[in-house]
$ cat upload-v8.tsv   # TSV, C-alpha atoms and all ligand atoms
chain	number	residue	atom	x	y	z
K	21	MET	CA	0.00	0.00	0.00
K	22	ALA	CA	1.24	3.49	-0.82
K	23	SER	CA	2.43	5.53	2.12
K	24	GLY	CA	3.21	8.92	0.69
K	25	ASP	CA	0.80	10.53	3.14
K	26	GLY	CA	2.85	10.34	6.32
K	27	VAL	CA	1.27	7.22	7.78
K	28	SER	CA	2.58	3.67	7.53
K	29	SER	CA	0.84	0.76	5.81
K	30	GLY	CA	0.74	-0.92	9.23
K	31	PHE	CA	-1.35	1.94	10.58
K	32	LYS	CA	-3.77	1.69	7.66
K	33	ILE	CA	-4.22	-2.05	8.21
K	34	TYR	CA	-4.70	-1.42	11.91
K	35	ALA	CA	-7.37	1.23	11.19
K	36	LEU	CA	-9.19	-1.15	8.81
K	37	LEU	CA	-9.10	-3.93	11.38
K	38	VAL	CA	-10.53	-1.71	14.11
K	39	LEU	CA	-13.24	-0.51	11.72
K	40	THR	CA	-14.18	-4.04	10.69
K	41	LEU	CA	-14.19	-5.66	14.11
K	42	ASN	CA	-15.95	-2.70	15.69
K	43	ALA	CA	-18.68	-2.70	13.01
K	44	THR	CA	-19.21	-6.44	13.47
K	45	PHE	CA	-19.73	-6.23	17.22
K	46	TYR	CA	-21.66	-2.97	16.91
K	47	ILE	CA	-24.29	-4.50	14.63
K	48	LEU	CA	-24.57	-7.61	16.81
K	49	LEU	CA	-24.96	-5.47	19.92
K	50	VAL	CA	-27.57	-3.15	18.38
K	51	ARG	CA	-29.48	-6.20	17.16
K	52	PHE	CA	-29.22	-7.83	20.60
K	53	THR	CA	-30.57	-4.74	22.37
K	54	ARG	CA	-33.36	-4.18	19.83
K	55	ALA	CA	-34.51	-7.82	19.91
K	56	ARG	CA	-34.75	-8.24	23.69
K	57	ASP	CA	-37.84	-7.70	25.85
K	58	GLY	CA	-38.27	-4.87	28.34
K	59	GLN	CA	-38.26	-1.12	28.02
K	60	GLN	CA	-36.63	-0.01	24.79
K	61	TYR	CA	-34.13	2.84	24.75
K	62	LEU	CA	-34.65	5.72	22.34
K	63	SER	CA	-32.27	5.40	19.38
K	64	THR	CA	-32.37	9.17	18.75
K	65	THR	CA	-30.80	9.81	22.17
K	66	THR	CA	-27.95	7.36	21.54
K	67	VAL	CA	-27.25	9.01	18.16
K	68	LEU	CA	-27.14	12.42	19.88
K	69	LEU	CA	-24.80	11.18	22.65
K	70	THR	CA	-22.56	9.57	20.03
K	71	GLU	CA	-22.19	12.90	18.19
K	72	CYS	CA	-21.32	14.61	21.51
K	73	SER	CA	-18.75	11.96	22.36
K	74	LYS	CA	-17.12	12.16	18.88
K	75	LEU	CA	-16.90	15.96	19.21
K	76	CYS	CA	-15.20	15.65	22.63
K	77	ILE	CA	-12.73	13.04	21.35
K	78	SER	CA	-11.91	15.16	18.26
K	79	LEU	CA	-11.27	18.21	20.44
K	80	CYS	CA	-8.96	16.10	22.64
K	81	VAL	CA	-7.03	14.83	19.62
K	82	LEU	CA	-6.67	18.39	18.33
K	83	MET	CA	-5.48	19.50	21.77
K	84	LYS	CA	-2.86	16.76	21.73
K	85	THR	CA	-1.76	17.81	18.23
K	86	HIS	CA	-1.33	21.40	19.41
K	87	LYS	CA	0.27	20.27	22.69
K	88	GLY	CA	-2.26	22.14	24.81
K	89	PRO	CA	-5.66	23.83	24.86
K	90	VAL	CA	-4.48	27.26	23.63
K	91	GLY	CA	-3.45	26.02	20.16
K	92	MET	CA	-6.59	23.93	19.93
K	93	VAL	CA	-8.88	26.87	20.78
K	94	LYS	CA	-7.07	29.12	18.26
K	95	ASP	CA	-7.38	26.46	15.54
K	96	VAL	CA	-11.09	25.90	16.22
K	97	TYR	CA	-11.73	29.66	16.38
K	98	LYS	CA	-9.93	30.30	13.10
K	99	ASN	CA	-11.24	27.35	11.08
K	100	VAL	CA	-14.63	26.55	12.56
K	101	ILE	CA	-16.00	29.82	13.95
K	102	CYS	CA	-14.45	32.49	11.69
K	103	ASP	CA	-14.74	30.50	8.46
K	104	MET	CA	-18.47	29.80	8.75
K	105	GLN	CA	-18.90	29.40	5.02
K	106	ASP	CA	-16.44	26.48	5.06
K	107	THR	CA	-17.97	25.04	8.23
K	108	PHE	CA	-21.42	25.02	6.63
K	109	LYS	CA	-20.17	22.62	3.95
K	110	MET	CA	-20.33	19.91	6.61
K	111	ALA	CA	-23.99	20.56	7.40
K	112	VAL	CA	-25.08	18.38	4.47
K	113	PRO	CA	-23.28	15.12	5.41
K	114	SER	CA	-24.07	15.63	9.10
K	115	VAL	CA	-27.83	15.66	8.45
K	116	ILE	CA	-27.55	12.65	6.14
K	117	TYR	CA	-25.44	10.72	8.67
K	118	ALA	CA	-27.90	11.55	11.47
K	119	ILE	CA	-30.71	10.07	9.36
K	120	GLN	CA	-28.57	7.05	8.47
K	121	ASN	CA	-27.55	6.35	12.06
K	122	ASN	CA	-31.21	6.35	13.15
K	123	LEU	CA	-32.19	4.13	10.21
K	124	ALA	CA	-29.67	1.51	11.37
K	125	PHE	CA	-31.46	1.12	14.71
K	126	TYR	CA	-34.82	1.02	12.95
K	127	ALA	CA	-33.68	-1.65	10.48
K	128	LEU	CA	-32.09	-3.82	13.18
K	129	THR	CA	-35.41	-3.87	15.02
K	130	TYR	CA	-36.91	-5.72	12.06
K	131	ILE	CA	-34.17	-7.95	10.65
K	132	ASP	CA	-31.33	-10.03	12.00
K	133	ALA	CA	-27.72	-8.88	12.20
K	134	ALA	CA	-26.18	-11.07	9.51
K	135	THR	CA	-28.88	-10.33	6.93
K	136	TYR	CA	-28.55	-6.65	7.74
K	137	GLN	CA	-24.81	-6.77	7.32
K	138	VAL	CA	-24.95	-8.54	3.96
K	139	THR	CA	-27.80	-6.46	2.53
K	140	TYR	CA	-26.09	-3.29	3.71
K	141	GLN	CA	-23.28	-4.11	1.27
K	142	LEU	CA	-25.55	-2.59	-1.37
K	143	LYS	CA	-23.89	0.61	-0.25
K	144	ILE	CA	-20.94	-0.42	-2.41
K	145	ILE	CA	-23.24	0.20	-5.37
K	146	THR	CA	-24.54	3.49	-4.05
K	147	THR	CA	-21.01	4.57	-3.16
K	148	ALA	CA	-19.81	3.69	-6.68
K	149	MET	CA	-22.77	5.59	-8.11
K	150	PHE	CA	-21.94	8.70	-6.10
K	151	MET	CA	-18.22	8.33	-6.91
K	152	VAL	CA	-19.15	8.50	-10.60
K	153	LEU	CA	-21.65	11.33	-10.17
K	154	MET	CA	-19.78	13.49	-7.66
K	155	LEU	CA	-16.10	12.70	-8.14
K	156	GLY	CA	-16.20	11.84	-11.86
K	157	LYS	CA	-14.68	8.41	-11.14
K	158	GLN	CA	-14.58	6.02	-14.10
K	159	LEU	CA	-15.43	2.37	-13.52
K	160	SER	CA	-14.06	-0.49	-15.58
K	161	ARG	CA	-16.28	-3.19	-17.12
K	162	THR	CA	-15.06	-5.67	-14.48
K	163	GLN	CA	-16.12	-3.30	-11.77
K	164	TRP	CA	-19.62	-2.93	-13.22
K	165	MET	CA	-19.75	-6.72	-13.53
K	166	ALA	CA	-18.88	-6.91	-9.86
K	167	ILE	CA	-21.80	-4.63	-9.11
K	168	VAL	CA	-24.22	-6.92	-10.95
K	169	LEU	CA	-22.75	-9.92	-9.08
K	170	LEU	CA	-23.29	-8.10	-5.86
K	171	PHE	CA	-26.96	-7.65	-6.71
K	172	PHE	CA	-27.35	-11.40	-7.24
K	173	GLY	CA	-25.50	-12.22	-4.04
K	174	VAL	CA	-27.66	-9.93	-1.98
K	175	ALA	CA	-30.85	-11.18	-3.67
K	176	LEU	CA	-29.96	-14.78	-2.74
K	177	VAL	CA	-29.40	-13.85	0.87
K	178	GLN	CA	-32.75	-12.07	0.95
K	179	LEU	CA	-34.46	-15.08	-0.63
K	180	GLU	CA	-33.24	-17.32	2.15
K	181	SER	CA	-34.29	-14.85	4.81
K	182	ILE	CA	-37.81	-14.73	3.39
K	183	GLU	CA	-37.94	-18.55	3.27
K	184	ASN	CA	-36.71	-18.84	6.83
K	185	LYS	CA	-39.49	-16.54	7.97
K	186	GLU	CA	-41.93	-19.43	7.55
K	187	ASP	CA	-39.90	-21.55	9.97
K	188	PRO	CA	-40.28	-20.29	13.53
K	189	SER	CA	-37.44	-22.49	14.80
K	190	GLN	CA	-34.96	-20.47	12.76
K	191	GLN	CA	-36.02	-17.25	14.54
K	192	VAL	CA	-34.86	-15.17	11.62
K	193	LYS	CA	-36.59	-11.82	11.49
K	194	PHE	CA	-37.16	-10.30	8.11
K	195	ASP	CA	-39.57	-7.47	7.61
K	196	VAL	CA	-39.95	-5.29	4.54
K	197	ARG	CA	-39.71	-2.17	6.77
K	198	GLY	CA	-36.19	-3.25	7.68
K	199	LEU	CA	-35.30	-3.71	4.02
K	200	VAL	CA	-36.59	-0.24	3.06
K	201	ALA	CA	-34.61	1.25	5.97
K	202	ILE	CA	-31.43	-0.48	4.77
K	203	LEU	CA	-31.91	0.72	1.19
K	204	LEU	CA	-32.33	4.30	2.38
K	205	SER	CA	-29.37	3.82	4.69
K	206	CYS	CA	-27.24	2.68	1.73
K	207	LEU	CA	-28.12	5.83	-0.20
K	208	CYS	CA	-27.27	7.97	2.84
K	209	SER	CA	-23.98	6.14	3.47
K	210	GLY	CA	-22.89	6.39	-0.18
K	211	PHE	CA	-23.75	10.03	-0.55
K	212	ALA	CA	-22.41	11.25	2.80
K	213	GLY	CA	-19.22	9.18	2.53
K	214	VAL	CA	-18.33	10.46	-0.94
K	215	TYR	CA	-19.29	14.04	0.01
K	216	PHE	CA	-17.02	13.87	3.08
K	217	GLU	CA	-14.16	12.44	1.01
K	218	LYS	CA	-14.59	15.16	-1.62
K	219	ILE	CA	-14.50	17.99	0.93
K	220	LEU	CA	-11.68	16.41	2.97
K	221	LYS	CA	-9.39	15.73	0.04
K	222	GLY	CA	-10.30	18.93	-1.81
K	223	SER	CA	-8.76	21.27	0.78
K	224	GLU	CA	-5.89	21.63	3.21
K	225	THR	CA	-8.15	21.70	6.27
K	226	SER	CA	-7.14	18.99	8.76
K	227	LEU	CA	-9.17	15.83	9.39
K	228	TRP	CA	-9.89	16.81	12.99
K	229	ILE	CA	-11.16	20.26	12.07
K	230	ARG	CA	-13.40	18.63	9.43
K	231	ASN	CA	-14.64	16.17	12.04
K	232	ILE	CA	-15.34	18.96	14.53
K	233	GLN	CA	-17.31	20.83	11.86
K	234	LEU	CA	-19.22	17.62	11.06
K	235	TYR	CA	-20.01	16.80	14.69
K	236	VAL	CA	-21.15	20.34	15.57
K	237	PHE	CA	-23.82	19.99	12.90
K	238	GLY	CA	-24.24	16.34	13.88
K	239	ILE	CA	-25.28	17.43	17.37
K	240	ALA	CA	-27.72	19.96	15.89
K	241	SER	CA	-29.29	17.40	13.50
K	242	ALA	CA	-29.38	14.58	16.04
K	243	GLY	CA	-30.85	17.01	18.61
K	244	THR	CA	-33.56	17.98	16.14
K	245	GLY	CA	-34.25	14.25	15.64
K	246	VAL	CA	-34.66	13.78	19.40
K	247	ILE	CA	-37.16	16.67	19.61
K	248	LEU	CA	-39.16	15.79	16.51
K	249	LYS	CA	-39.41	12.05	17.18
K	250	ASP	CA	-39.15	11.41	20.90
K	251	LEU	CA	-39.92	14.57	22.89
K	252	PRO	CA	-43.23	13.27	24.32
K	253	ALA	CA	-41.58	9.96	25.35
K	254	ILE	CA	-38.69	11.83	26.99
K	255	MET	CA	-41.11	14.10	28.85
K	256	SER	CA	-42.89	11.10	30.33
K	257	ASN	CA	-40.06	8.58	30.86
K	258	GLY	CA	-36.82	10.58	30.74
K	259	PHE	CA	-33.90	10.91	28.34
K	260	PHE	CA	-32.13	7.80	29.59
K	261	GLN	CA	-35.13	5.44	29.59
K	262	GLY	CA	-34.16	1.86	28.80
K	263	TYR	CA	-30.43	2.61	29.15
K	264	ASP	CA	-28.07	0.04	30.59
K	265	ARG	CA	-24.38	-0.79	30.15
K	266	TYR	CA	-25.03	-2.27	26.70
K	267	VAL	CA	-26.50	0.99	25.44
K	268	PHE	CA	-23.48	2.92	26.71
K	269	LEU	CA	-21.29	0.35	25.01
K	270	ILE	CA	-23.20	1.01	21.77
K	271	ILE	CA	-22.48	4.75	22.11
K	272	GLY	CA	-18.78	4.01	22.70
K	273	MET	CA	-18.57	1.66	19.73
K	274	ALA	CA	-20.49	4.03	17.46
K	275	SER	CA	-17.99	6.75	18.38
K	276	ILE	CA	-15.01	4.51	17.63
K	277	GLY	CA	-16.63	3.38	14.35
K	278	GLY	CA	-17.30	6.96	13.24
K	279	LEU	CA	-13.84	8.26	14.08
K	280	TYR	CA	-12.12	5.32	12.41
K	281	THR	CA	-14.39	5.76	9.38
K	282	SER	CA	-13.00	9.28	9.03
K	283	ILE	CA	-9.41	8.02	9.38
K	284	VAL	CA	-9.94	5.30	6.76
K	285	VAL	CA	-11.56	7.75	4.33
K	286	LYS	CA	-8.66	10.16	4.81
K	287	TYR	CA	-5.80	7.69	4.35
K	288	LEU	CA	-7.54	5.22	2.02
K	289	ASP	CA	-10.94	5.76	0.41
K	290	ASN	CA	-14.61	4.89	0.57
K	291	ILE	CA	-14.25	1.82	-1.62
K	292	ILE	CA	-11.57	0.24	0.58
K	293	LYS	CA	-13.79	0.99	3.54
K	294	GLY	CA	-16.38	-1.13	1.73
K	295	PHE	CA	-13.98	-4.08	1.52
K	296	SER	CA	-13.19	-3.93	5.18
K	297	THR	CA	-16.83	-4.08	6.15
K	298	ALA	CA	-17.35	-6.96	3.72
K	299	ILE	CA	-14.97	-9.00	5.87
K	300	SER	CA	-17.19	-8.22	8.82
K	301	ILE	CA	-20.06	-9.98	7.03
K	302	ILE	CA	-18.32	-13.27	7.50
K	303	LEU	CA	-17.49	-12.51	11.11
K	304	ALA	CA	-21.05	-11.35	11.86
K	305	ALA	CA	-22.47	-14.47	10.24
K	306	LEU	CA	-20.20	-16.73	12.29
K	307	LEU	CA	-20.97	-14.86	15.48
K	308	SER	CA	-24.73	-14.94	14.81
K	309	VAL	CA	-24.58	-18.72	14.92
K	310	TYR	CA	-23.04	-18.47	18.38
K	311	PHE	CA	-25.10	-15.61	19.83
K	312	PHE	CA	-28.51	-16.06	18.24
K	313	GLY	CA	-28.43	-19.75	17.25
K	314	LYS	CA	-28.98	-18.76	13.61
K	315	HIS	CA	-28.57	-21.44	10.96
K	316	PHE	CA	-27.44	-20.71	7.45
K	317	GLY	CA	-28.54	-22.63	4.39
K	318	ILE	CA	-26.93	-23.02	1.03
K	319	LEU	CA	-28.53	-19.86	-0.37
K	320	PHE	CA	-27.02	-17.73	2.35
K	321	LEU	CA	-23.60	-19.24	1.81
K	322	LEU	CA	-23.86	-18.90	-1.97
K	323	GLY	CA	-25.11	-15.32	-1.68
K	324	THR	CA	-22.35	-14.40	0.74
K	325	SER	CA	-19.74	-15.97	-1.55
K	326	LEU	CA	-21.08	-13.98	-4.52
K	327	VAL	CA	-21.02	-10.77	-2.51
K	328	LEU	CA	-17.43	-11.40	-1.47
K	329	ALA	CA	-16.42	-12.36	-5.03
K	330	ALA	CA	-18.01	-9.14	-6.25
K	331	VAL	CA	-16.15	-7.14	-3.64
K	332	TYR	CA	-12.94	-8.80	-4.80
K	333	LEU	CA	-13.62	-8.19	-8.51
K	334	TYR	CA	-14.44	-4.59	-7.77
K	335	SER	CA	-11.08	-4.16	-6.12
K	336	ILE	CA	-9.01	-5.35	-9.10
K	337	PRO	CA	-7.15	-2.28	-10.26
K	338	LYS	CA	-7.82	-1.04	-13.77
K	339	LYS	CA	-5.09	-2.05	-16.22
K	340	PRO	CA	-3.11	0.94	-17.43
K	341	GLU	CA	-3.96	1.75	-21.03
K	342	GLN	CA	-1.67	-0.40	-23.20
K	343	LYS	CA	-0.10	1.34	-26.13
K	344	SER	CA	1.00	-0.23	-29.40
K	345	SER	CA	4.78	-0.23	-29.85
K	346	ILE	CA	7.10	-0.23	-32.80
K	347	VAL	CA	9.45	-3.24	-32.73
K	348	ASN	CA	11.98	-3.54	-35.53
K	349	GLY	CA	10.00	-1.07	-37.58
K	350	THR	CA	6.72	-3.09	-37.24
K	351	LEU	CA	3.67	-1.83	-35.39
K	352	MET	CA	2.92	-4.43	-32.69
K	353	ARG	CA	-0.40	-4.81	-30.84
K	354	PRO	CA	-0.06	-4.98	-27.02
K	355	LYS	CA	-0.15	-8.84	-26.85
K	356	GLU	CA	2.53	-9.16	-29.49
K	357	VAL	CA	5.09	-7.04	-27.66
K	358	VAL	CA	7.60	-9.30	-25.87
V	401	LIG	O1	-22.32	2.94	7.22
V	401	LIG	P1	-21.11	3.77	7.18
V	401	LIG	O2	-19.88	3.03	7.88
V	401	LIG	O3	-20.75	4.31	5.88
V	401	LIG	O4	-21.37	4.98	8.17
V	401	LIG	C1	-20.37	5.86	8.47
V	401	LIG	C2	-20.47	6.20	9.94
V	401	LIG	O5	-19.33	6.96	10.30
V	401	LIG	C3	-19.71	8.18	10.91
V	401	LIG	N1	-18.73	9.19	10.46
V	401	LIG	C4	-18.43	9.37	9.15
V	401	LIG	C5	-17.48	10.31	8.78
V	401	LIG	C6	-16.84	11.05	9.78
V	401	LIG	N2	-15.93	11.96	9.50
V	401	LIG	N3	-17.17	10.86	11.08
V	401	LIG	C7	-18.10	9.94	11.43
V	401	LIG	O6	-18.40	9.78	12.63
V	401	LIG	C8	-21.12	8.45	10.47
V	401	LIG	O7	-21.83	9.18	11.46
V	401	LIG	C9	-21.68	7.05	10.29
V	401	LIG	O8	-22.15	6.58	11.52
V	401	LIG	C10	-19.59	0.90	6.89
V	401	LIG	O9	-18.79	1.26	6.04
V	401	LIG	O10	-20.34	-0.09	6.74
V	401	LIG	C11	-19.69	1.67	8.16
V	401	LIG	O11	-20.80	1.12	8.87
V	401	LIG	C12	-21.03	1.65	10.17
V	401	LIG	C13	-22.20	0.93	10.79
V	401	LIG	O12	-21.90	-0.45	10.89
V	401	LIG	C14	-23.39	1.06	9.89
V	401	LIG	O13	-23.62	2.43	9.59
V	401	LIG	C15	-24.58	0.51	10.62
V	401	LIG	O14	-25.66	0.70	9.88
V	401	LIG	C16	-19.79	1.49	11.01
V	401	LIG	N4	-20.06	2.06	12.32
V	401	LIG	C17	-19.83	1.41	13.43
V	401	LIG	O15	-19.32	0.33	13.48
V	401	LIG	C18	-20.26	2.09	14.68
V	401	LIG	C19	-18.63	2.20	10.37
V	401	LIG	O16	-17.51	2.08	11.22
V	401	LIG	C20	-18.40	1.60	8.98

$ encode --input "upload-v8.tsv" --output "structure tokens"
Amino acid sequence: MASGDGVSSGFKIYALLVLTLNATFYILLVRFTRARDGQQYLSTTTVLLTECSKLCISLCVLMKTHKGPVGMVKDVYKNVICDMQDTFKMAVPSVIYAIQNNLAFYALTYIDAATYQVTYQLKIITTAMFMVLMLGKQLSRTQWMAIVLLFFGVALVQLESIENKEDPSQQVKFDVRGLVAILLSCLCSGFAGVYFEKILKGSETSLWIRNIQLYVFGIASAGTGVILKDLPAIMSNGFFQGYDRYVFLIIGMASIGGLYTSIVVKYLDNIIKGFSTAISIILAALLSVYFFGKHFGILFLLGTSLVLAAVYLYSIPKKPEQKSSIVNGTLMRPKEVV
């Protein structure tokens, strides 16, 4: 892996590993808390607390970079408060991410973790779509083929989930509301991810300043979500209703996942982020067997294999354009050149 950006390949692999493992356990944990009986916590409040925690962590990292609070305050004042026009660029992805983060909780109330994780890979398609539309990225024929393969893989997994629904012993939950939520979530993830990458890589502004800008608006959008959706419930049962150590763990993991997402997008890109989460499909599937007693049939395995094959095909780098050469005065086609 190229390392002309000041960080080692080891660090990039480490960041991808944290992202993947964290996402795997995060989805399992959200699914576990949404599937259990008892008073349910409000997902809007966890999204809001996650934004607050990411803002605090980003400020701490910036403080460490500046070796003290004075440099950090100056940096934030100059780049976040004085340059409001620039700061406002992050309002768009923050609103989209707030919607997406809430959709994840909604979806995981209706479908199981492994199916969610596999279906959510559709975001590779939406990300590719937005890469083409917003960054002018060109995709090779193999890469488009990979996208079609991905469709088939995901369709197979869904087929099995729908079949399993008839068998109560399998305890697989699949509800069309969950599917719609995932599809919307994929659009949000693709758009917001590519938008963030475009802004981040299109200017000199540091990652942590960009994150602070994003999380300031994230708090505002998540706060609006809390008021619009759950104000009456909070008035009657409190902000922290249904909270226990697992919910706090979810907030911690969501913060780690978000911050590492930003690191991976900065030093790699959105597509590689997609590969790393694809690995978590396999882990989530294996762990679902252990935690939820889920059984997988041939369709699930086939679908998952197709999805992974598609992810692999998509990652094959485009061949550099081969030029014809003149050898001994004869024009040779690329294959003929020795
Ligand atoms: O869906 P995904 O990420 O694209 O969502 C990105 C998450 O990162 C946060 N973010 C993004 C940029 C930035 N500068 N700071 C951030 O905090 C956004 O708020 C958003 O939550 C993935 O690629 O699949 C990934 O998936 C999520 C999560 O599993 C799904 O969104 C669940 O539906 C992962 N998050 C966690 O594991 C907590 C993320 O790490 C990878």

$ residues_near_ligand --input "upload-v8.tsv" --ligand "ligand LIG 401 (chain V)" --cutoff "8 Å" --atoms "only C-alpha atoms and all ligand atoms" --output "PyMOL selection string"
chain K and resi 39-47+71+74+114+117-118+120-121+123-125+137+140-141+143+202+205-206+209-210+212-213+216+227+230-231+234-235+238+270+273-283+285+290+293-294+296-297

$ atom_distance --input "upload-v8.tsv" --atom1 "atom CA of K:Thr135" --atom2 "atom CA of K:Lys286"
28.9 Å

$ atom_distance --input "upload-v8.tsv" --atom1 "atom CA of K:Leu62" --atom2 "atom CA of K:Val214"
28.8 Å

$ closest_residue --input "upload-v8.tsv" --among "K:Tyr287, K:Phe316, K:Tyr310, K:Tyr266" --to "K:Ala35" --atoms "all atoms listed in the file"
K:Tyr287

$ residues_around --input "upload-v8.tsv" --residues "K:Val196" --least-positions-apart "5" --cutoff "9 Å" --atoms "only C-alpha atoms" --output "list in words"
Tyr130, Ile131 and Ala201 of chain K

$ atom_distance --input "upload-v8.tsv" --atom1 "atom CA of K:Ala242" --atom2 "atom CA of K:Val67"
6.3 Å

$ residues_around --input "upload-v8.tsv" --residues "stretch 248-251 of chain K" --least-positions-apart "6" --cutoff "9 Å" --atoms "all atoms listed in the file" --output "ChimeraX atom specification"
/K:62,64-65,259

$ build_atoms --input "upload-v8.tsv" --residues "stretch 235-250 of chain K" --atoms "N, CA and C atoms" --output "PDB file, keeping the file's coordinate frame"
ATOM      1  N   TYR K 235     -19.325  17.197  13.463  1.00  0.00           N
ATOM      2  CA  TYR K 235     -20.010  16.800  14.690  1.00  0.00           C
ATOM      3  C   TYR K 235     -20.803  17.952  15.320  1.00  0.00           C
ATOM      4  N   VAL K 236     -20.363  19.200  15.074  1.00  0.00           N
ATOM      5  CA  VAL K 236     -21.150  20.340  15.570  1.00  0.00           C
ATOM      6  C   VAL K 236     -22.535  20.287  14.915  1.00  0.00           C
ATOM      7  N   PHE K 237     -22.533  20.101  13.601  1.00  0.00           N
ATOM      8  CA  PHE K 237     -23.820  19.990  12.900  1.00  0.00           C
ATOM      9  C   PHE K 237     -24.502  18.668  13.230  1.00  0.00           C
ATOM     10  N   GLY K 238     -23.680  17.648  13.507  1.00  0.00           N
ATOM     11  CA  GLY K 238     -24.240  16.340  13.880  1.00  0.00           C
ATOM     12  C   GLY K 238     -25.063  16.466  15.150  1.00  0.00           C
ATOM     13  N   ILE K 239     -24.546  17.242  16.115  1.00  0.00           N
ATOM     14  CA  ILE K 239     -25.280  17.430  17.370  1.00  0.00           C
ATOM     15  C   ILE K 239     -26.593  18.162  17.092  1.00  0.00           C
ATOM     16  N   ALA K 240     -26.507  19.193  16.219  1.00  0.00           N
ATOM     17  CA  ALA K 240     -27.720  19.960  15.890  1.00  0.00           C
ATOM     18  C   ALA K 240     -28.747  19.053  15.195  1.00  0.00           C
ATOM     19  N   SER K 241     -28.300  18.239  14.206  1.00  0.00           N
ATOM     20  CA  SER K 241     -29.290  17.400  13.500  1.00  0.00           C
ATOM     21  C   SER K 241     -29.822  16.284  14.389  1.00  0.00           C
ATOM     22  N   ALA K 242     -28.911  15.664  15.167  1.00  0.00           N
ATOM     23  CA  ALA K 242     -29.380  14.580  16.040  1.00  0.00           C
ATOM     24  C   ALA K 242     -30.314  15.143  17.119  1.00  0.00           C
ATOM     25  N   GLY K 243     -29.997  16.349  17.605  1.00  0.00           N
ATOM     26  CA  GLY K 243     -30.850  17.010  18.610  1.00  0.00           C
ATOM     27  C   GLY K 243     -32.235  17.284  18.039  1.00  0.00           C
ATOM     28  N   THR K 244     -32.266  17.722  16.789  1.00  0.00           N
ATOM     29  CA  THR K 244     -33.560  17.980  16.140  1.00  0.00           C
ATOM     30  C   THR K 244     -34.346  16.664  16.038  1.00  0.00           C
ATOM     31  N   GLY K 245     -33.612  15.573  15.726  1.00  0.00           N
ATOM     32  CA  GLY K 245     -34.250  14.250  15.640  1.00  0.00           C
ATOM     33  C   GLY K 245     -34.879  13.861  16.978  1.00  0.00           C
ATOM     34  N   VAL K 246     -34.152  14.120  18.064  1.00  0.00           N
ATOM     35  CA  VAL K 246     -34.660  13.780  19.400  1.00  0.00           C
ATOM     36  C   VAL K 246     -35.979  14.535  19.648  1.00  0.00           C
ATOM     37  N   ILE K 247     -35.965  15.846  19.332  1.00  0.00           N
ATOM     38  CA  ILE K 247     -37.160  16.670  19.610  1.00  0.00           C
ATOM     39  C   ILE K 247     -38.334  16.253  18.727  1.00  0.00           C
ATOM     40  N   LEU K 248     -38.063  16.098  17.435  1.00  0.00           N
ATOM     41  CA  LEU K 248     -39.160  15.790  16.510  1.00  0.00           C
ATOM     42  C   LEU K 248     -39.763  14.416  16.765  1.00  0.00           C
ATOM     43  N   LYS K 249     -38.904  13.429  17.087  1.00  0.00           N
ATOM     44  CA  LYS K 249     -39.410  12.050  17.180  1.00  0.00           C
ATOM     45  C   LYS K 249     -39.786  11.646  18.602  1.00  0.00           C
ATOM     46  N   ASP K 250     -38.977  12.035  19.577  1.00  0.00           N
ATOM     47  CA  ASP K 250     -39.150  11.410  20.900  1.00  0.00           C
ATOM     48  C   ASP K 250     -39.416  12.369  22.055  1.00  0.00           C
TER      49      ASP K 250
END
